[in-house]
Structure formats: structure tokens, C-alpha cells
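Following: one structure in C-alpha cells, then a few remarks.
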Amino acid sequence: MSDINERQLTEDHGKMLHWFDFLCPFCYVAQHRNAILVRHGLQVVELPFQAHPDISPGGIAAGPRNGPMYAMLEREAREAGLPLHWPRHLPNTRRALATAEWVRRDQPRVFPQLHKDLFEAHFVLGEDLEDPAVIDRHASESGVELTALHAALADGTAEAAVTEAETIARRYGVQGTPAWLLAQRLITGLRPAAEFERLAEHAMQLP
């Protein structure tokens with residue numbers, strides 16, 4: 001049975017839903033925005049959303065990152081204190097997302113570390129997030145019980161959890177990542193840090 005109580009999550013003004021994908025550079029920087037929300041007293045619920053399901057198993061080569069958008073992302077990452085090394089390979093992230101969501105639900109104590117480590121694996125270490133050995137290593141180092149994880153991946157439970165999170169996202173108009181939902185309001189795209197400061201302050205004043 002699902003542990004996602006959709007009504008509770010979407011109506012609780014102290015909780016903010018955040019849909020992410022590990023290959024999304026905007027989501028990588030959004031870790032900084034989520035830290036702002038948490039600092040103001042909000043609980044951020046991290047939920048998976050595969051931003052590029054069109055990337056087939058095996059992944060694709062990444063082209064050069066040139067232009068204003070990439071310069072902006074590099075600047076934002078630097079200001080957030082997040083190292084950013086553009087990966088040469090873009091993986092299919094379904095298994096990584098399924099792993100993260102299963103851990104969030106079943107071993108929540110170690111989820112924050114795994115979530116951080118899988119982002120770093122892609123954007124700092126240049127590792128292939130489609131490689132089960134890479135996922136297992138980071139999961140194990142984060143304290144995940146691998147036997148139970150492998151069982152959930154094998155029987156489809158973990159992937160079904162991703163599908164459920166995506167279904168909820170689409171119901172609220174989410175089409176890509178990053179996206180946040182607070183008190184029925186959808187916020188999309190990476191916005192300035194100052195805007196998240198104001199957003200958090202307003203959220204804490206809601207009844």
C-alpha cells in the first residue's frame with residue numbers, strides 16, 4: 001500500500017512537494033533552494049519525476065554545454081557552493097529514481113544522504129547513474145539495506161512508487177523538473193534564491 005497521502009501532502013502548509021530528476025542540472029542547483037525552505041521551517045518532500053523518459057536504456061552522449069543557460073547554471077551552482085562538472089553521458093534514470101523513492105519510503109533516515117550522493121555521482125564524479133553497481137555502492141555507503149532494495153527493484157515495487165509520484169505530479173500540472181507544490185500552488189523552474197526566501201516566509205504565515 002502506498003505511503004503517499006496525497007491530500008495530506010498537498011494541503012499541509014508546512015510541507016512542500018518537490019519533484020526532481022538526478023540528471024536535471026536545475027534540480028541539482030535546486031538543492032540550495034530546498035535548503036532555504038528547510039531553514040525557514042518547511043518540510044520538503046522529495047519526489048521522483050523522470051524528466052527525460054525518452055532517453056532509452058544505455059543513455060545518450062551529451063553535447064557541448066555552451067550558451068547563456070549553461071553559463072547561468074554554472075554561476076548559480078558556484079554561488080550555491082555546488083561543484084559542477086558537466087557529465088559526458090546522460091543516463092536513463094529510472095532505476096536511480098526508483099532506488100531513491102524506495103529508500104525515502106522504507107528507509108527514510110538514510111534518504112537525505114543517498115539523495116545528495118546520487119546528484120554528486122552525476123554532476124561531480126561523472127558516474128553512470130544507470131549502472132546498478134554505481135547505485136548500489138552509493139546506496140550501501142549511505143546505509144541502505146541492499147537485500148531489501150534489490151527485492152523491491154526486482155518485483156517492481158520501487159518503480160511503481162516512481163509512477164505513483166509522477167501521476168500525482170501530472171495531476172497538479174507538472175510537466176518537467178524542478179517543480180514544487182505548496183498549498184495547491186505549483187512553482188516551476190529554478191527561480192532566484194531571493195524568491196525562495198520570500199516564498200518560504202509567506203508559506204510560514206499561512207494558516
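Residues in the C-alpha cells are numbered from 1 in each chain, the chains being A, B, ... in the order shown, and ligands are numbered from 1 in the order shown.
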
Would you list the contacts of Leu190 of chain A as a list in words, taking every protein, DNA or RNA residue within 9 Å and counting only C-alpha atoms, but skipping same-chain residues closer than 5 positions in sequence?
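After dropping sequence-adjacent residues, the list is Phe26, Cys27, Val29, Ala30, Arg33, Thr177, Pro178 and Ala179 of chain A.
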
Residues of the last selection are to be written out with N, CA, C and O atoms, as a PDB file, in the first residue's frame.
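Here's the written file again_15.pdb:
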ATOM      1  N   PHE A  26      19.070  21.833 -13.260  1.00  0.00           N
ATOM      2  CA  PHE A  26      18.282  22.788 -12.484  1.00  0.00           C
ATOM      3  C   PHE A  26      17.921  22.187 -11.127  1.00  0.00           C
ATOM      4  O   PHE A  26      17.885  22.879 -10.115  1.00  0.00           O
ATOM      5  N   CYS A  27      17.646  20.861 -11.110  1.00  0.00           N
ATOM      6  CA  CYS A  27      17.354  20.176  -9.849  1.00  0.00           C
ATOM      7  C   CYS A  27      18.590  20.094  -8.967  1.00  0.00           C
ATOM      8  O   CYS A  27      18.494  20.157  -7.735  1.00  0.00           O
ATOM      9  N   VAL A  29      20.981  22.315  -8.727  1.00  0.00           N
ATOM     10  CA  VAL A  29      21.091  23.614  -8.061  1.00  0.00           C
ATOM     11  C   VAL A  29      19.939  23.816  -7.089  1.00  0.00           C
ATOM     12  O   VAL A  29      20.085  24.483  -6.054  1.00  0.00           O
ATOM     13  N   ALA A  30      18.788  23.213  -7.391  1.00  0.00           N
ATOM     14  CA  ALA A  30      17.613  23.373  -6.536  1.00  0.00           C
ATOM     15  C   ALA A  30      17.829  22.810  -5.139  1.00  0.00           C
ATOM     16  O   ALA A  30      17.055  23.127  -4.223  1.00  0.00           O
ATOM     17  N   ARG A  33      17.964  25.742  -3.116  1.00  0.00           N
ATOM     18  CA  ARG A  33      16.657  26.362  -2.874  1.00  0.00           C
ATOM     19  C   ARG A  33      15.896  25.593  -1.792  1.00  0.00           C
ATOM     20  O   ARG A  33      15.236  26.187  -0.933  1.00  0.00           O
ATOM     21  N   THR A 177      10.998  19.150 -14.570  1.00  0.00           N
ATOM     22  CA  THR A 177      11.660  19.390 -13.291  1.00  0.00           C
ATOM     23  C   THR A 177      12.577  20.603 -13.382  1.00  0.00           C
ATOM     24  O   THR A 177      13.065  20.924 -14.470  1.00  0.00           O
ATOM     25  N   PRO A 178      12.817  21.266 -12.232  1.00  0.00           N
ATOM     26  CA  PRO A 178      12.209  21.040 -10.917  1.00  0.00           C
ATOM     27  C   PRO A 178      10.820  21.661 -10.843  1.00  0.00           C
ATOM     28  O   PRO A 178      10.508  22.611 -11.562  1.00  0.00           O
ATOM     29  N   ALA A 179      10.014  21.120  -9.946  1.00  0.00           N
ATOM     30  CA  ALA A 179       8.680  21.669  -9.713  1.00  0.00           C
ATOM     31  C   ALA A 179       8.344  21.495  -8.240  1.00  0.00           C
ATOM     32  O   ALA A 179       8.679  20.469  -7.641  1.00  0.00           O
TER      33      ALA A 179
END

Within 7 Å of segment 57-71 of chain A, counting only C-alpha atoms, which residues qualify if same-chain residues fewer than 4 places away don't, as a PDB file with N, CA and C atoms, in the first residue's frame?
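So part.pdb came out as:
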ATOM      1  N   ARG A  75      26.988  29.610 -12.860  1.00  0.00           N
ATOM      2  CA  ARG A  75      27.050  30.697 -11.882  1.00  0.00           C
ATOM      3  C   ARG A  75      26.215  30.367 -10.647  1.00  0.00           C
ATOM      4  N   ARG A  88      29.495  13.762 -19.496  1.00  0.00           N
ATOM      5  CA  ARG A  88      29.531  13.495 -20.931  1.00  0.00           C
ATOM      6  C   ARG A  88      28.449  12.520 -21.373  1.00  0.00           C
ATOM      7  N   HIS A  89      27.758  11.953 -20.392  1.00  0.00           N
ATOM      8  CA  HIS A  89      26.773  10.911 -20.681  1.00  0.00           C
ATOM      9  C   HIS A  89      25.492  11.208 -19.913  1.00  0.00           C
ATOM     10  N   LEU A  90      24.360  11.064 -20.583  1.00  0.00           N
ATOM     11  CA  LEU A  90      23.064  11.252 -19.936  1.00  0.00           C
ATOM     12  C   LEU A  90      22.373   9.893 -19.841  1.00  0.00           C
ATOM     13  N   PRO A  91      22.184   9.381 -18.633  1.00  0.00           N
ATOM     14  CA  PRO A  91      21.628   8.041 -18.464  1.00  0.00           C
ATOM     15  C   PRO A  91      20.103   8.050 -18.427  1.00  0.00           C
ATOM     16  N   ASN A  92      19.538   6.883 -18.592  1.00  0.00           N
ATOM     17  CA  ASN A  92      18.146   6.667 -18.233  1.00  0.00           C
ATOM     18  C   ASN A  92      18.132   6.536 -16.707  1.00  0.00           C
TER      19      ASN A  92
END

Pick out each residue of chain A that DSSP on the backbone tags as alpha helix (DSSP H); I need them as number ranges by chain.
A: 6-11, 25-39, 68-79, 94-106, 111-123, 132-142, 146-154, 157-171, 193-205

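The smallest atom-to-atom distance between Ala203 of chain A and any of A:Leu149, A:Leu182, A:Ile187, A:Ala133, using only C-alpha atoms, is found for A:Leu182.
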
Close residues, Met204 of chain A itself excluded, 10 Å, only C-alpha atoms, min 2 positions apart in chain, as a list in words:
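Listed by chain and then number, they are His13, Gly14, Leu37, His40, Gly41, Leu42, Leu199, Ala200, Glu201, His202, Leu206 and Pro207 of chain A.
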
Would you output that residue set with N, CA, C and O atoms, as a PDB file, in the first residue's frame?
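Saved file part.pdb follows:
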ATOM      1  N   HIS A  13       0.309  23.062   4.880  1.00  0.00           N
ATOM      2  CA  HIS A  13       1.094  24.232   4.522  1.00  0.00           C
ATOM      3  C   HIS A  13       2.521  24.165   5.062  1.00  0.00           C
ATOM      4  O   HIS A  13       3.354  24.997   4.694  1.00  0.00           O
ATOM      5  N   GLY A  14       2.793  23.210   5.928  1.00  0.00           N
ATOM      6  CA  GLY A  14       4.152  23.056   6.428  1.00  0.00           C
ATOM      7  C   GLY A  14       5.001  22.134   5.575  1.00  0.00           C
ATOM      8  O   GLY A  14       6.188  21.966   5.837  1.00  0.00           O
ATOM      9  N   LEU A  37      14.176  26.633   2.041  1.00  0.00           N
ATOM     10  CA  LEU A  37      12.847  26.288   2.550  1.00  0.00           C
ATOM     11  C   LEU A  37      12.944  25.605   3.909  1.00  0.00           C
ATOM     12  O   LEU A  37      12.185  25.918   4.830  1.00  0.00           O
ATOM     13  N   HIS A  40      13.726  27.860   6.832  1.00  0.00           N
ATOM     14  CA  HIS A  40      12.582  28.646   7.286  1.00  0.00           C
ATOM     15  C   HIS A  40      11.545  27.796   8.009  1.00  0.00           C
ATOM     16  O   HIS A  40      10.520  28.333   8.440  1.00  0.00           O
ATOM     17  N   GLY A  41      11.787  26.492   8.110  1.00  0.00           N
ATOM     18  CA  GLY A  41      10.876  25.660   8.876  1.00  0.00           C
ATOM     19  C   GLY A  41       9.939  24.793   8.062  1.00  0.00           C
ATOM     20  O   GLY A  41       9.088  24.096   8.633  1.00  0.00           O
ATOM     21  N   LEU A  42      10.074  24.804   6.741  1.00  0.00           N
ATOM     22  CA  LEU A  42       9.242  23.958   5.898  1.00  0.00           C
ATOM     23  C   LEU A  42       9.843  22.566   5.784  1.00  0.00           C
ATOM     24  O   LEU A  42      11.065  22.395   5.862  1.00  0.00           O
ATOM     25  N   LEU A 199       9.134  33.208  -0.707  1.00  0.00           N
ATOM     26  CA  LEU A 199       8.159  32.134  -0.776  1.00  0.00           C
ATOM     27  C   LEU A 199       8.066  31.396   0.570  1.00  0.00           C
ATOM     28  O   LEU A 199       6.967  31.113   1.062  1.00  0.00           O
ATOM     29  N   ALA A 200       9.196  31.129   1.158  1.00  0.00           N
ATOM     30  CA  ALA A 200       9.215  30.431   2.449  1.00  0.00           C
ATOM     31  C   ALA A 200       8.602  31.278   3.546  1.00  0.00           C
ATOM     32  O   ALA A 200       7.828  30.796   4.376  1.00  0.00           O
ATOM     33  N   GLU A 201       8.931  32.555   3.554  1.00  0.00           N
ATOM     34  CA  GLU A 201       8.370  33.447   4.575  1.00  0.00           C
ATOM     35  C   GLU A 201       6.851  33.516   4.454  1.00  0.00           C
ATOM     36  O   GLU A 201       6.122  33.498   5.470  1.00  0.00           O
ATOM     37  N   HIS A 202       6.357  33.589   3.223  1.00  0.00           N
ATOM     38  CA  HIS A 202       4.909  33.624   3.013  1.00  0.00           C
ATOM     39  C   HIS A 202       4.261  32.310   3.451  1.00  0.00           C
ATOM     40  O   HIS A 202       3.202  32.322   4.088  1.00  0.00           O
ATOM     41  N   LEU A 206       0.971  31.180   6.411  1.00  0.00           N
ATOM     42  CA  LEU A 206      -0.331  30.620   6.039  1.00  0.00           C
ATOM     43  C   LEU A 206      -0.983  29.959   7.251  1.00  0.00           C
ATOM     44  O   LEU A 206      -0.286  29.382   8.088  1.00  0.00           O
ATOM     45  N   PRO A 207      -2.298  30.015   7.339  1.00  0.00           N
ATOM     46  CA  PRO A 207      -2.983  29.422   8.492  1.00  0.00           C
ATOM     47  C   PRO A 207      -2.923  27.901   8.443  1.00  0.00           C
ATOM     48  O   PRO A 207      -2.735  27.311   7.397  1.00  0.00           O
TER      49      PRO A 207
END

With a distance cut-off of 8 Å and only C-alpha atoms, select the neighbouring residues of segment 140-146 of chain A, excluding the residue or stretch itself and same-chain residues fewer than 4 positions from it, and output the selection as a list in words.
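Selected residues are Val103, Gln107, Val110, Phe111, Gln113, Leu114, Asp136 and His150 of chain A.
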
How about saving the chosen residues, all heavy atoms kept, as a compact mmCIF listing (two decimals), in the first residue's frame?
# COMPACT_ATOMS: atom_id res chain seq x y z
N VAL A 103 13.90 4.13 -0.96
CA VAL A 103 14.63 4.46 0.27
C VAL A 103 13.89 5.55 1.04
O VAL A 103 13.79 5.49 2.27
CB VAL A 103 16.07 4.89 -0.07
CG1 VAL A 103 16.77 5.46 1.16
CG2 VAL A 103 16.86 3.70 -0.61
N GLN A 107 13.35 3.46 4.10
CA GLN A 107 14.49 3.71 4.97
C GLN A 107 14.77 5.21 5.01
O GLN A 107 15.84 5.68 4.61
CB GLN A 107 15.72 2.92 4.48
CG GLN A 107 15.50 1.41 4.49
CD GLN A 107 16.72 0.62 4.08
OE1 GLN A 107 17.85 1.08 4.16
NE2 GLN A 107 16.50 -0.60 3.63
N VAL A 110 18.12 7.35 5.98
CA VAL A 110 19.32 7.46 5.14
C VAL A 110 19.04 8.12 3.80
O VAL A 110 19.95 8.31 3.00
CB VAL A 110 19.97 6.07 4.93
CG1 VAL A 110 20.37 5.48 6.27
CG2 VAL A 110 19.03 5.12 4.19
N PHE A 111 17.77 8.48 3.54
CA PHE A 111 17.43 9.07 2.24
C PHE A 111 18.18 10.36 1.95
O PHE A 111 18.69 10.53 0.83
CB PHE A 111 15.92 9.30 2.14
CG PHE A 111 15.54 10.11 0.93
CD1 PHE A 111 15.52 9.53 -0.33
CD2 PHE A 111 15.22 11.46 1.04
CE1 PHE A 111 15.19 10.27 -1.45
CE2 PHE A 111 14.90 12.21 -0.07
CZ PHE A 111 14.88 11.61 -1.32
N GLN A 113 21.11 11.48 2.64
CA GLN A 113 22.49 11.25 2.19
C GLN A 113 22.52 10.62 0.81
O GLN A 113 23.32 11.00 -0.05
CB GLN A 113 23.22 10.36 3.19
CG GLN A 113 24.71 10.21 2.89
CD GLN A 113 25.47 11.52 2.97
OE1 GLN A 113 25.35 12.24 3.94
NE2 GLN A 113 26.23 11.85 1.94
N LEU A 114 21.66 9.63 0.58
CA LEU A 114 21.63 8.99 -0.74
C LEU A 114 21.22 9.98 -1.82
O LEU A 114 21.82 10.01 -2.91
CB LEU A 114 20.67 7.80 -0.73
CG LEU A 114 20.52 7.09 -2.08
CD1 LEU A 114 21.84 6.46 -2.51
CD2 LEU A 114 19.40 6.04 -2.02
N ASP A 136 24.29 0.83 -6.29
CA ASP A 136 24.47 0.00 -5.10
C ASP A 136 25.57 0.54 -4.20
O ASP A 136 25.45 0.53 -2.97
CB ASP A 136 24.80 -1.43 -5.51
CG ASP A 136 23.57 -2.22 -5.91
OD1 ASP A 136 22.45 -1.67 -5.89
OD2 ASP A 136 23.73 -3.41 -6.26
N HIS A 150 17.08 -4.53 -3.41
CA HIS A 150 17.11 -5.35 -4.62
C HIS A 150 15.79 -6.09 -4.82
O HIS A 150 15.32 -6.25 -5.95
CB HIS A 150 18.26 -6.35 -4.55
CG HIS A 150 19.60 -5.70 -4.67
ND1 HIS A 150 20.79 -6.34 -4.36
CD2 HIS A 150 19.95 -4.44 -5.06
CE1 HIS A 150 21.80 -5.53 -4.56
NE2 HIS A 150 21.33 -4.37 -4.99

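Atom CA of Leu186 of chain A sits 23.7 Å away from atom CA of Arg94 of chain A.
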